[in-house]
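So the structure is just underneath, and the comments pick up after that.
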Amino acid sequence: MRALRLAVRLRPAKLALAVLGLVVVLMAVGDTIAPYDPLHQDTTAILAGPSAEHWLGTDYVGRDVLSRLLAGSRLSVVAAAEAVGLGLLLGVLPGLASVYFGRVFEWLSLRVMDGLMALPFIIFAIAVAALLGNGLHQAMFAVGVLLAPTFYRVTRAAAIGLRQAQYVEAGTLFGATRWRIVRTHVWQKVLPTVVVTTATAMAGALLVVSSLTFLGIGVQPPAPTWGGMLASDLGYLTQRPFGPVAPALLIIVTVAALNALADAIRDATGDGAPASAAPLHEEVPDAISAAVRR
Amino acid sequence: MTAAPAAALQADGVEVWLGRRAKSRILHGVGLTARSGEIVGLIGETGSGKTTLARAIVGLAPLHAGTVRVDGTPVDGLRGAALRRFRRSGRVQYVFQDPLRSLDPDVTVLDSVVEGLAIRGDGKAADRRARAVAALEQVGLDPALGDRLPGRLSGGQRQRVAIARALAVDPRVLLLDEPVSALDAANRNHVLRVLDRLRHEREVAIVMISHDLGSLAGIADRVVVLYRGEVVEEGPAARVLLEPEHPYTQRLVTSVPSIDGPRRPLITEGVHV
């Protein structure tokens, strides 16, 4: 937690948090503040350029691009968060358990994660969509399952070094349960690594959501998403060359902010972390202090 | 005539193997006894097995053979919930050699000292904190340091926090691994005074691993000499340190640097155990 507090004091982290805060606001109120219905088609203004009525122009069926971007924020970000949340759940808990809850679980979980890592991503996502139906949740389930090994490996790597830590042994000698050891001594040390991975995975998931939507897996038209808009705008580059710029920029800025946040946390937890400023000194008896002053 | 009370700590025939083969054996049937109110010094060169013996006694190193009894009750066979219950009693405490590594860098001093009491669920949170404050005061630390992280304390303060953490759970047996080796003279004397008081006021049996023979000479009742995983000599501190019988102990004692004596390095080749 101390590392996270240090991280948010860094300038890149502040900037990243400001951008992400804006994305969250867009996610929460985007469809409310959208000037038009994102599904409304204005057949008199197809592929129109930016104007006073349509600040970012319109798409190939006359829908307002700004309204679709605002309304699409929620679906894009929620989908990415859903996948990352599932990856966290399926990766972090088994990662910790593999270190502290016996060799049988360790062996089993390692083999399962090896298996998941061997699966080709897009093919697995398409197979899940074919098996469970083509929908956002099904696609995010596939993404989340395949993110789990990443979380598993980083959590396990961070926790395994603490298994022999003397303060963990000291807790064991007090009769602490393994759960208490994990909660009290291990989790705080693992958390910064998990947060860094979450930020990176969130950025990756956002791109994956966009890619899958681009391929027509997950979110179905006409529901607006950033990736879906990018895909549809690419088909009309000759008529409206600047079309993909707005959704692409939104994706790039959000992903860059997540990566910047991850970097800042890594900087704060690394060797270059600012040291505590407190002086190291023993209490000096009054008599000695007085003698020194003389 | 009544039988003598059982020793607070009695370890017999302790063997620890690092691997499966006999050549990985690092303790060869070592015995160690400490009675209530007694301070036993455990000396020997680096790698002689002092720390391993202490870790085996508290159950951090697996015993290949031997028994460990606390107040006459065997504890080496305890496993699972029974072992946790015994550990929660706090009867045997171990103070690690390096307090910087044995204190969680993200947990404040007071919370570290409270930990043992919290694990066994002693009283309310306020009572536990009061007992932790008392333990800090007992080792001469200002309770105001309780809110600091270990990284913001000096080496001497950290060592005393580690001792306070062990004292907070009211142990019967205290094993200390080099408690004064990293301390300056003032801090060393302070820690030694605390241990001496514990022995007298609370009848704690103390096993003190140390390279500092001078410190042991002033405080230990008995000294046990360990060489290559075997006890080569033991007896009253004054006798072992002033009139050592075993050649290894003689070299160990004479190798202590002295400002007025000749320089005599410790050479172990040719010492027959």
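Chain labels A, B, ... are given in the sequence in which chains occur in the structure tokens; within each chain residues are numbered consecutively from 1, and ligands are likewise numbered from 1 in the order shown.
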
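Within 6 Å of chain B, and counting only C-alpha atoms, chain A contributes Gln166, Tyr167, Leu173, Phe174, Gly175, Ala176 and Leu280 of chain A.
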
Could you list, as a tab-separated table (two decimals) with C-alpha atoms, in the first residue's frame, every residue within 8 Å of range 150-161 of chain A, counting only C-alpha atoms and ignoring same-chain residues fewer than 5 positions away?
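Written file, part15.tsv:
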chain	number	residue	atom	x	y	z
A	87	GLY	CA	-8.42	-13.00	-15.03
A	88	LEU	CA	-7.64	-11.56	-11.58
A	90	LEU	CA	-8.73	-17.04	-11.75
A	91	GLY	CA	-5.07	-16.00	-11.62
A	92	VAL	CA	-4.29	-14.23	-8.34
A	93	LEU	CA	-6.06	-16.56	-5.91
A	94	PRO	CA	-4.61	-19.78	-7.38
A	95	GLY	CA	-1.23	-18.01	-7.68
A	96	LEU	CA	-1.17	-17.32	-3.95
A	98	SER	CA	0.01	-22.50	-5.21
A	99	VAL	CA	2.70	-21.10	-2.91
A	113	MET	CA	-1.99	-22.74	-16.34
A	186	VAL	CA	2.22	-11.54	1.72
A	189	LYS	CA	4.04	-7.22	-1.03
A	190	VAL	CA	2.24	-8.87	-3.94
A	193	THR	CA	2.85	-6.31	-8.82
A	194	VAL	CA	-0.79	-7.28	-9.23
A	197	THR	CA	-0.24	-6.28	-14.17

*Find the residues near Arg20 in chain B: any atom within 12 Å, counting only C-alpha atoms, skip ones fewer than 5 places away on the same chain, and give them as a list in words.*
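Answer for this query is Arg25, Ile26 and His64 of chain B.
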
Restricting the output to N, CA and C atoms, write the selected residues as a PDB file, in the first residue's frame.
ATOM      1  N   ARG B  25      24.106 -34.679   6.540  1.00  0.00           N
ATOM      2  CA  ARG B  25      23.766 -34.466   7.959  1.00  0.00           C
ATOM      3  C   ARG B  25      24.556 -33.284   8.502  1.00  0.00           C
ATOM      4  N   ILE B  26      23.855 -32.314   9.100  1.00  0.00           N
ATOM      5  CA  ILE B  26      24.592 -31.159   9.622  1.00  0.00           C
ATOM      6  C   ILE B  26      24.543 -31.075  11.151  1.00  0.00           C
ATOM      7  N   HIS B  64      15.549 -34.998  11.758  1.00  0.00           N
ATOM      8  CA  HIS B  64      15.689 -36.336  11.191  1.00  0.00           C
ATOM      9  C   HIS B  64      15.609 -37.361  12.314  1.00  0.00           C
TER      10      HIS B  64
END

*In Å, rounded to a single decimal, give me how far CA of Phe141 in chain A is from CA of Gln188 in chain A.*
28.0 Å

_Residues of range 31-271 of chain A classed as helix (DSSP H, G or I) by DSSP on the backbone are to be reported as a PyMOL selection string._
chain A and resi 31-33+65-100+103-118+121-132+136-160+166-173+178-215+226-234+245-269

*For Leu53 in chain B: contacts at 12 Å, only C-alpha atoms, fewer than 5 positions along chain excluded, given as a ChimeraX atom specification*: /B:11-17,26-32,42-44,47-48,58-64,66-68,94,175-177,207-209,224,226,228-231

Please, could you write that set of residues out with C-alpha atoms as a PDB file, in the first residue's frame?
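What landed in again.pdb:
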ATOM      1  CA  ALA B  11      16.660 -31.420  23.242  1.00  0.00           C
ATOM      2  CA  ASP B  12      18.239 -34.870  22.895  1.00  0.00           C
ATOM      3  CA  GLY B  13      19.959 -36.560  19.975  1.00  0.00           C
ATOM      4  CA  VAL B  14      18.938 -33.860  17.505  1.00  0.00           C
ATOM      5  CA  GLU B  15      19.881 -34.749  13.956  1.00  0.00           C
ATOM      6  CA  VAL B  16      19.172 -32.538  10.963  1.00  0.00           C
ATOM      7  CA  TRP B  17      19.842 -33.652   7.409  1.00  0.00           C
ATOM      8  CA  ILE B  26      24.592 -31.159   9.622  1.00  0.00           C
ATOM      9  CA  LEU B  27      23.720 -31.963  13.243  1.00  0.00           C
ATOM     10  CA  HIS B  28      24.960 -35.240  14.694  1.00  0.00           C
ATOM     11  CA  GLY B  29      22.820 -36.160  17.706  1.00  0.00           C
ATOM     12  CA  VAL B  30      23.133 -32.852  19.537  1.00  0.00           C
ATOM     13  CA  GLY B  31      21.710 -32.379  23.022  1.00  0.00           C
ATOM     14  CA  LEU B  32      20.856 -29.077  24.678  1.00  0.00           C
ATOM     15  CA  LEU B  42      25.802 -21.700  22.370  1.00  0.00           C
ATOM     16  CA  ILE B  43      29.103 -21.018  20.656  1.00  0.00           C
ATOM     17  CA  GLY B  44      30.961 -22.317  17.639  1.00  0.00           C
ATOM     18  CA  GLY B  47      28.638 -23.285   9.884  1.00  0.00           C
ATOM     19  CA  SER B  48      28.937 -25.329  13.065  1.00  0.00           C
ATOM     20  CA  VAL B  58      11.430 -24.387  17.245  1.00  0.00           C
ATOM     21  CA  GLY B  59      10.348 -26.581  14.321  1.00  0.00           C
ATOM     22  CA  LEU B  60      11.620 -24.452  11.427  1.00  0.00           C
ATOM     23  CA  ALA B  61      14.108 -27.150  10.387  1.00  0.00           C
ATOM     24  CA  PRO B  62      12.820 -30.732  10.182  1.00  0.00           C
ATOM     25  CA  LEU B  63      14.254 -33.192  12.713  1.00  0.00           C
ATOM     26  CA  HIS B  64      15.689 -36.336  11.191  1.00  0.00           C
ATOM     27  CA  GLY B  66      15.934 -36.732  18.263  1.00  0.00           C
ATOM     28  CA  THR B  67      13.403 -35.259  20.663  1.00  0.00           C
ATOM     29  CA  VAL B  68      12.551 -31.797  21.912  1.00  0.00           C
ATOM     30  CA  TYR B  94      12.941 -17.562  18.728  1.00  0.00           C
ATOM     31  CA  LEU B 175      16.241 -18.714  21.877  1.00  0.00           C
ATOM     32  CA  LEU B 176      18.225 -15.750  20.596  1.00  0.00           C
ATOM     33  CA  ASP B 177      20.413 -15.958  17.514  1.00  0.00           C
ATOM     34  CA  VAL B 207      19.588 -20.009  24.928  1.00  0.00           C
ATOM     35  CA  MET B 208      21.874 -17.406  23.449  1.00  0.00           C
ATOM     36  CA  ILE B 209      23.797 -18.101  20.279  1.00  0.00           C
ATOM     37  CA  VAL B 224      27.822 -25.379  24.969  1.00  0.00           C
ATOM     38  CA  LEU B 226      29.363 -26.830  18.833  1.00  0.00           C
ATOM     39  CA  ARG B 228      30.881 -29.376  12.832  1.00  0.00           C
ATOM     40  CA  GLY B 229      27.446 -30.370  14.099  1.00  0.00           C
ATOM     41  CA  GLU B 230      28.576 -32.000  17.338  1.00  0.00           C
ATOM     42  CA  VAL B 231      28.789 -30.809  20.927  1.00  0.00           C
TER      43      VAL B 231
END

*With distances taken over only C-alpha atoms, which of A:Ala7, A:Leu69, A:Leu108, A:Ala13 is nearest to Val29 in chain A?*
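For Val29 in chain A, the nearest of the given residues is A:Leu69.
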
*DSSP strand (DSSP E) residues within range 47-210 of chain B, listed as a PyMOL selection string*: chain B and resi 65-70+73-74+92-95+173-177+205-209

Keeping N, CA and C atoms, export the residues of the selection given above as a PDB file, in the first residue's frame.
ATOM      1  N   ALA B  65      16.146 -36.996  13.468  1.00  0.00           N
ATOM      2  CA  ALA B  65      16.072 -37.846  14.658  1.00  0.00           C
ATOM      3  C   ALA B  65      16.197 -36.953  15.875  1.00  0.00           C
ATOM      4  N   GLY B  66      15.797 -37.489  17.023  1.00  0.00           N
ATOM      5  CA  GLY B  66      15.934 -36.732  18.263  1.00  0.00           C
ATOM      6  C   GLY B  66      14.592 -36.275  18.810  1.00  0.00           C
ATOM      7  N   THR B  67      14.630 -35.736  20.024  1.00  0.00           N
ATOM      8  CA  THR B  67      13.403 -35.259  20.663  1.00  0.00           C
ATOM      9  C   THR B  67      13.623 -33.858  21.212  1.00  0.00           C
ATOM     10  N   VAL B  68      12.524 -33.121  21.289  1.00  0.00           N
ATOM     11  CA  VAL B  68      12.551 -31.797  21.912  1.00  0.00           C
ATOM     12  C   VAL B  68      11.425 -31.764  22.931  1.00  0.00           C
ATOM     13  N   ARG B  69      11.757 -31.483  24.164  1.00  0.00           N
ATOM     14  CA  ARG B  69      10.745 -31.406  25.221  1.00  0.00           C
ATOM     15  C   ARG B  69      10.727 -30.003  25.816  1.00  0.00           C
ATOM     16  N   VAL B  70       9.533 -29.523  26.071  1.00  0.00           N
ATOM     17  CA  VAL B  70       9.373 -28.240  26.754  1.00  0.00           C
ATOM     18  C   VAL B  70       8.622 -28.518  28.042  1.00  0.00           C
ATOM     19  N   THR B  73       7.279 -32.015  28.253  1.00  0.00           N
ATOM     20  CA  THR B  73       6.314 -32.475  27.248  1.00  0.00           C
ATOM     21  C   THR B  73       6.966 -32.519  25.865  1.00  0.00           C
ATOM     22  N   PRO B  74       6.922 -33.687  25.194  1.00  0.00           N
ATOM     23  CA  PRO B  74       7.516 -33.734  23.853  1.00  0.00           C
ATOM     24  C   PRO B  74       6.746 -32.843  22.882  1.00  0.00           C
ATOM     25  N   VAL B  92       7.681 -21.177  23.622  1.00  0.00           N
ATOM     26  CA  VAL B  92       9.045 -21.143  23.069  1.00  0.00           C
ATOM     27  C   VAL B  92       9.111 -20.033  22.022  1.00  0.00           C
ATOM     28  N   GLN B  93      10.014 -19.124  22.198  1.00  0.00           N
ATOM     29  CA  GLN B  93      10.159 -18.021  21.240  1.00  0.00           C
ATOM     30  C   GLN B  93      11.571 -17.990  20.674  1.00  0.00           C
ATOM     31  N   TYR B  94      11.656 -17.606  19.416  1.00  0.00           N
ATOM     32  CA  TYR B  94      12.941 -17.562  18.728  1.00  0.00           C
ATOM     33  C   TYR B  94      13.145 -16.153  18.178  1.00  0.00           C
ATOM     34  N   VAL B  95      14.265 -15.556  18.527  1.00  0.00           N
ATOM     35  CA  VAL B  95      14.594 -14.225  17.995  1.00  0.00           C
ATOM     36  C   VAL B  95      15.639 -14.413  16.896  1.00  0.00           C
ATOM     37  N   VAL B 173      10.710 -20.287  27.257  1.00  0.00           N
ATOM     38  CA  VAL B 173      12.033 -20.534  26.685  1.00  0.00           C
ATOM     39  C   VAL B 173      12.277 -19.500  25.582  1.00  0.00           C
ATOM     40  N   LEU B 174      13.444 -18.881  25.622  1.00  0.00           N
ATOM     41  CA  LEU B 174      13.757 -17.860  24.621  1.00  0.00           C
ATOM     42  C   LEU B 174      15.074 -18.239  23.951  1.00  0.00           C
ATOM     43  N   LEU B 175      15.017 -18.425  22.628  1.00  0.00           N
ATOM     44  CA  LEU B 175      16.241 -18.714  21.877  1.00  0.00           C
ATOM     45  C   LEU B 175      16.609 -17.469  21.085  1.00  0.00           C
ATOM     46  N   LEU B 176      17.810 -16.979  21.284  1.00  0.00           N
ATOM     47  CA  LEU B 176      18.225 -15.750  20.596  1.00  0.00           C
ATOM     48  C   LEU B 176      19.434 -16.047  19.724  1.00  0.00           C
ATOM     49  N   ASP B 177      19.331 -15.693  18.459  1.00  0.00           N
ATOM     50  CA  ASP B 177      20.413 -15.958  17.514  1.00  0.00           C
ATOM     51  C   ASP B 177      21.236 -14.683  17.329  1.00  0.00           C
ATOM     52  N   ALA B 205      13.992 -19.444  30.565  1.00  0.00           N
ATOM     53  CA  ALA B 205      15.187 -20.187  30.165  1.00  0.00           C
ATOM     54  C   ALA B 205      15.664 -19.593  28.847  1.00  0.00           C
ATOM     55  N   ILE B 206      16.921 -19.182  28.821  1.00  0.00           N
ATOM     56  CA  ILE B 206      17.418 -18.470  27.640  1.00  0.00           C
ATOM     57  C   ILE B 206      18.578 -19.234  27.002  1.00  0.00           C
ATOM     58  N   VAL B 207      18.472 -19.438  25.688  1.00  0.00           N
ATOM     59  CA  VAL B 207      19.588 -20.009  24.928  1.00  0.00           C
ATOM     60  C   VAL B 207      20.086 -18.908  24.021  1.00  0.00           C
ATOM     61  N   MET B 208      21.343 -18.552  24.186  1.00  0.00           N
ATOM     62  CA  MET B 208      21.874 -17.406  23.449  1.00  0.00           C
ATOM     63  C   MET B 208      23.016 -17.865  22.541  1.00  0.00           C
ATOM     64  N   ILE B 209      22.753 -17.788  21.248  1.00  0.00           N
ATOM     65  CA  ILE B 209      23.797 -18.101  20.279  1.00  0.00           C
ATOM     66  C   ILE B 209      24.644 -16.852  20.112  1.00  0.00           C
TER      67      ILE B 209
END

*Rounded to one decimal in Å, what is the spacing between CA of Asp127 in chain B and CA of Ile163 in chain B?*
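Answer for the CA of Asp127 in chain B to CA of Ile163 in chain B separation: 19.5 Å.
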
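CA of Ile265 in chain A sits 6.3 Å away from CA of Leu4 in chain A.
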
*Residue with smallest distance to Asp114 in chain A - pool A:Ile251, A:Ala199, A:Ala246, A:Leu146, counting only C-alpha atoms*: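 Ranked by minimum distance to Asp114 in chain A, first place goes to A:Leu146.
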
*asked:* From the options B:Ala126, B:Leu198, B:Leu136, B:Val253, which residue's atoms come nearest to Leu110 in chain B, counting only C-alpha atoms?
replied: B:Leu136

_Using only C-alpha atoms for the distances, tell me which of B:Ala22, B:Thr33, B:Thr52, B:Glu45 is nearest to Thr249 in chain B._
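Distance minimum relative to Thr249 in chain B lands on B:Glu45.
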
_Which residues are close to range 52-54 of chain A, i.e. within 12 Å by only C-alpha atoms, leaving aside same-chain residues fewer than 2 positions away? Reply as a list in words._
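Near neighbours after the sequence-gap exclusion: Ala34, Pro35, Tyr36, Pro38, Asp42, Ala45, Ile46, Leu47, Ala48, Gly49, Pro50, Leu56, Gly57, Thr58, Asp59, Gly62, Arg63, Asp64, Val65, Leu66, Ser67 and Arg68 of chain A.
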
*9 Å contact set for Pro236 in chain B, only C-alpha atoms, chain neighbours under 6 positions out, as a ChimeraX atom specification*: /B:220-224
